[in-house]
Amino acid sequence: MSWLYQRQRKTAKKRLGHPTSWRMVNLLHLRWICKDQRPIGPCVNQDIVDELNKLVGIHESRLGGDDKWKVLQYRKAISSIRKETARITSLSQAQGLFGVGKKTATKIMEIVENGKTKRLEYEEQLDDTRVCKLFSAIYGVGPRLAWQWYQLGLRTLQDVREGKAGVKLTPAQRIGLEHYDDLQLRMPREEAGVIFGRIKEIALAIDPELDLQLMGSYRRGQPNCGDIDILITRPDMDGRTHKGIMRKLLPALHEKDILTKDLSMPHDLDDLEAKYMGLCRLGPDGKMRRIDILAVPYASWGAALLYFTGDDIFNRSMRLLASSKGYSLNQRGLYKNVVRDPKTRVKTVTGTLIASRTEEDIFAILGVPWQEPAQRRRAK
DNA sequence: AGGCTGTACTG
DNA sequence: CAGTAC
DNA sequence: GCCT
DNA sequence: TAATG
DNA sequence: CATTA
């Protein structure tokens, strides 16, 4: 490649000192999706993005080995396409985008010329594709179970409800099935805001020093949200914490009929770090909405904000970048000197905390230009 | 050829 | 652990 | 499916 | 039954 | 959950 590539290769080697490591190799991707700055405004290739996203939907529901990675790759390609300001008109132009190879480029040209891809048309007419997509849209049902049910001869949600072929549901899956239609919908961001406001009021009545934020697609400024994602912490400078907040808050929310169903509970209601997942609604006539409530230690507020703001592709790119620089990034912070078993990649040493208090710290250390939440949208 | 984020809950 | 989810 |  | 994966 | 003790 270019002189730039060669130079980066040398500096990377010098900095990291372990030239054969895959981490260094990753530093040589001159393309870090998390560093991309995209102009605001409509995407001139939105039709392509939309069609590729349909393909993503298909592969998500049938994870037969390679599909998982196809999904990731399509998403990376979509991210590149979204930040391209010129209309894509040729195969070579498409293939020049990072993450777009020959096969995706060919599909892109099909979309440009015909508005659709044969692959999608073919997939959509397949019975197993359609049925697996239907099943895996049930909360708690993934590609594996969907495929298993298909092979057992189930074809409709009614079959599942009746427990045909002796299929058993977990409590969470039963709830997912019961509210299937509601849970396919996104809600207007205003609704998310109102529900959040109610919850915040109740939480602050428990402890006025709590800090609550509405995360996910709401924080990214999207006009509608797939779920409600609430982060809770409490400044601990006065020697107190939010310990036990879940124990008080969850029953209070149930009592007000804001929370309606529990999908999973925190392992310890008194832990400073606790994760609740469930369903909620605006009122008796409101649609059921997915909600996650997360308590995090004050010290990891920034890392938690970063993680729960997303989006998915942005997060993965940040973590990969961190990893390439010898760090490890998770929802608790940015760490150095983490040791993983090279074989299993399982962490054996936690490492030293480098940053976690603010998002800005983490961006700065990783050398990623600051981006407002709304600019962190990669796939869509 | 082999990587592709890193973690938590359920059964 | 496998599966699912975030 | 794409990348090194 | 409790611990483990 | 299945396996183990």
# chains A, B, ... in the order shown; residues from 1 in each chain; ligands from 1
call {"tool": "residues_around", "arguments": {"residues": "segment 175-177 of chain A", "least_positions_apart": "6", "cutoff": "10 Å", "atoms": "only C-alpha atoms (C1' of nucleotides)", "output": "PyMOL selection string"}}
result
chain A and resi 135+137-141+157-158+160-161+169+183+261-263+278-279+290
call {"tool": "select_by_dssp", "arguments": {"residues": "segment 90-252 of chain A", "states": "strand (DSSP E)", "output": "VMD selection string"}}
result
chain A and resid 187 to 188 211 to 214 224 to 225 228 to 233
call {"tool": "interface_residues", "arguments": {"of": "chain A", "to": "chain D", "cutoff": "8 Å", "atoms": "only C-alpha atoms (C1' of nucleotides)", "output": "PyMOL selection string"}}
result
chain A and resi 25-26+69-70+73-74+99-101+103-104
call {"tool": "write_last_selection", "arguments": {"atoms": "C-alpha atoms", "output": "compact mmCIF listing (two decimals), in the first residue's frame"}}
result
# COMPACT_ATOMS: atom_id res chain seq x y z
CA VAL A 25 -2.15 -5.95 12.87
CA ASN A 26 -5.40 -4.34 13.78
CA TRP A 69 -20.11 -12.63 10.85
CA LYS A 70 -21.99 -11.71 7.73
CA GLN A 73 -19.64 -7.26 8.04
CA TYR A 74 -22.82 -5.92 6.45
CA GLY A 99 -15.77 -3.04 4.62
CA VAL A 100 -17.27 -3.43 1.17
CA GLY A 101 -15.81 -6.33 -0.77
CA LYS A 103 -19.87 -9.58 -3.03
CA THR A 104 -21.36 -6.64 -1.20
call {"tool": "interface_residues", "arguments": {"of": "chain A", "to": "chain B", "cutoff": "12 Å", "atoms": "only C-alpha atoms (C1' of nucleotides)", "output": "short mmCIF file (atom, residue, chain, number, x, y, z; two decimals) with C-alpha atoms, in the first residue's frame"}}
result
data_model
loop_
_atom_site.label_atom_id
_atom_site.label_comp_id
_atom_site.auth_asym_id
_atom_site.auth_seq_id
_atom_site.Cartn_x
_atom_site.Cartn_y
_atom_site.Cartn_z
CA SER A 21 0.59 -9.78 17.64
CA TRP A 22 -2.81 -9.59 16.03
CA ARG A 23 -3.36 -6.45 18.07
CA VAL A 25 -2.15 -5.95 12.87
CA ASN A 26 -5.40 -4.34 13.78
CA ASP A 66 -21.21 -17.78 9.16
CA LYS A 68 -23.19 -14.01 12.57
CA TRP A 69 -20.11 -12.63 10.85
CA LYS A 70 -21.99 -11.71 7.73
CA VAL A 71 -24.23 -9.58 9.88
CA LEU A 72 -21.23 -7.83 11.42
CA GLN A 73 -19.64 -7.26 8.04
CA LYS A 76 -19.57 -2.27 8.88
CA GLY A 99 -15.77 -3.04 4.62
CA GLY A 140 -35.68 -14.71 24.45
CA LYS A 168 -41.48 -25.50 26.44
CA LEU A 169 -41.07 -21.78 27.04
CA THR A 170 -39.05 -20.03 29.70
CA PRO A 171 -40.88 -17.35 31.71
CA ALA A 172 -39.17 -14.60 29.71
CA GLN A 173 -40.11 -16.22 26.41
CA LEU A 263 -37.63 -10.44 32.35
CA SER A 264 -34.53 -10.72 34.48
CA MET A 265 -33.50 -9.40 37.85
CA PRO A 266 -30.12 -8.20 39.13
CA HIS A 267 -28.13 -11.00 40.75
CA ASP A 268 -27.89 -8.81 43.83
CA GLU A 273 -23.71 -2.51 39.88
CA ALA A 274 -27.03 -4.09 39.00
CA LYS A 275 -29.00 -4.73 35.86
CA TYR A 276 -32.76 -5.08 35.60
CA MET A 277 -34.64 -6.02 32.42
CA LEU A 294 -28.90 -0.21 35.26
CA TYR A 307 -21.24 1.85 26.50
CA ASP A 312 -23.33 -1.29 18.67
CA ILE A 313 -20.89 -0.87 15.81
CA PHE A 314 -19.40 2.24 17.38
CA ASN A 315 -18.83 0.40 20.67
CA ARG A 316 -17.22 -2.58 19.03
CA SER A 317 -14.93 -0.36 17.06
CA MET A 318 -13.90 1.55 20.19
CA ARG A 319 -13.18 -1.68 22.02
CA LEU A 320 -11.20 -3.09 19.16
CA LEU A 321 -9.19 0.12 18.98
CA ALA A 322 -8.58 -0.01 22.73
CA SER A 323 -7.47 -3.59 22.42
CA SER A 324 -5.10 -2.70 19.58
CA SER A 328 -9.21 -3.17 27.29
CA LEU A 329 -12.47 -1.25 27.28
CA ASN A 330 -15.67 -2.38 28.95
CA GLN A 331 -18.69 -0.78 30.62
CA ARG A 332 -16.64 -0.21 33.78
CA GLY A 333 -13.66 1.56 32.32
CA LEU A 334 -10.57 1.61 30.19
CA ARG A 345 -9.12 -15.07 25.39
CA VAL A 346 -10.48 -15.27 28.91
CA LYS A 347 -9.30 -12.53 31.23
#
call {"tool": "closest_residue", "arguments": {"among": "A:Gly41, A:Pro284, A:Pro251, A:Gly310", "to": "chain C", "atoms": "only C-alpha atoms (C1' of nucleotides)"}}
result
A:Gly310
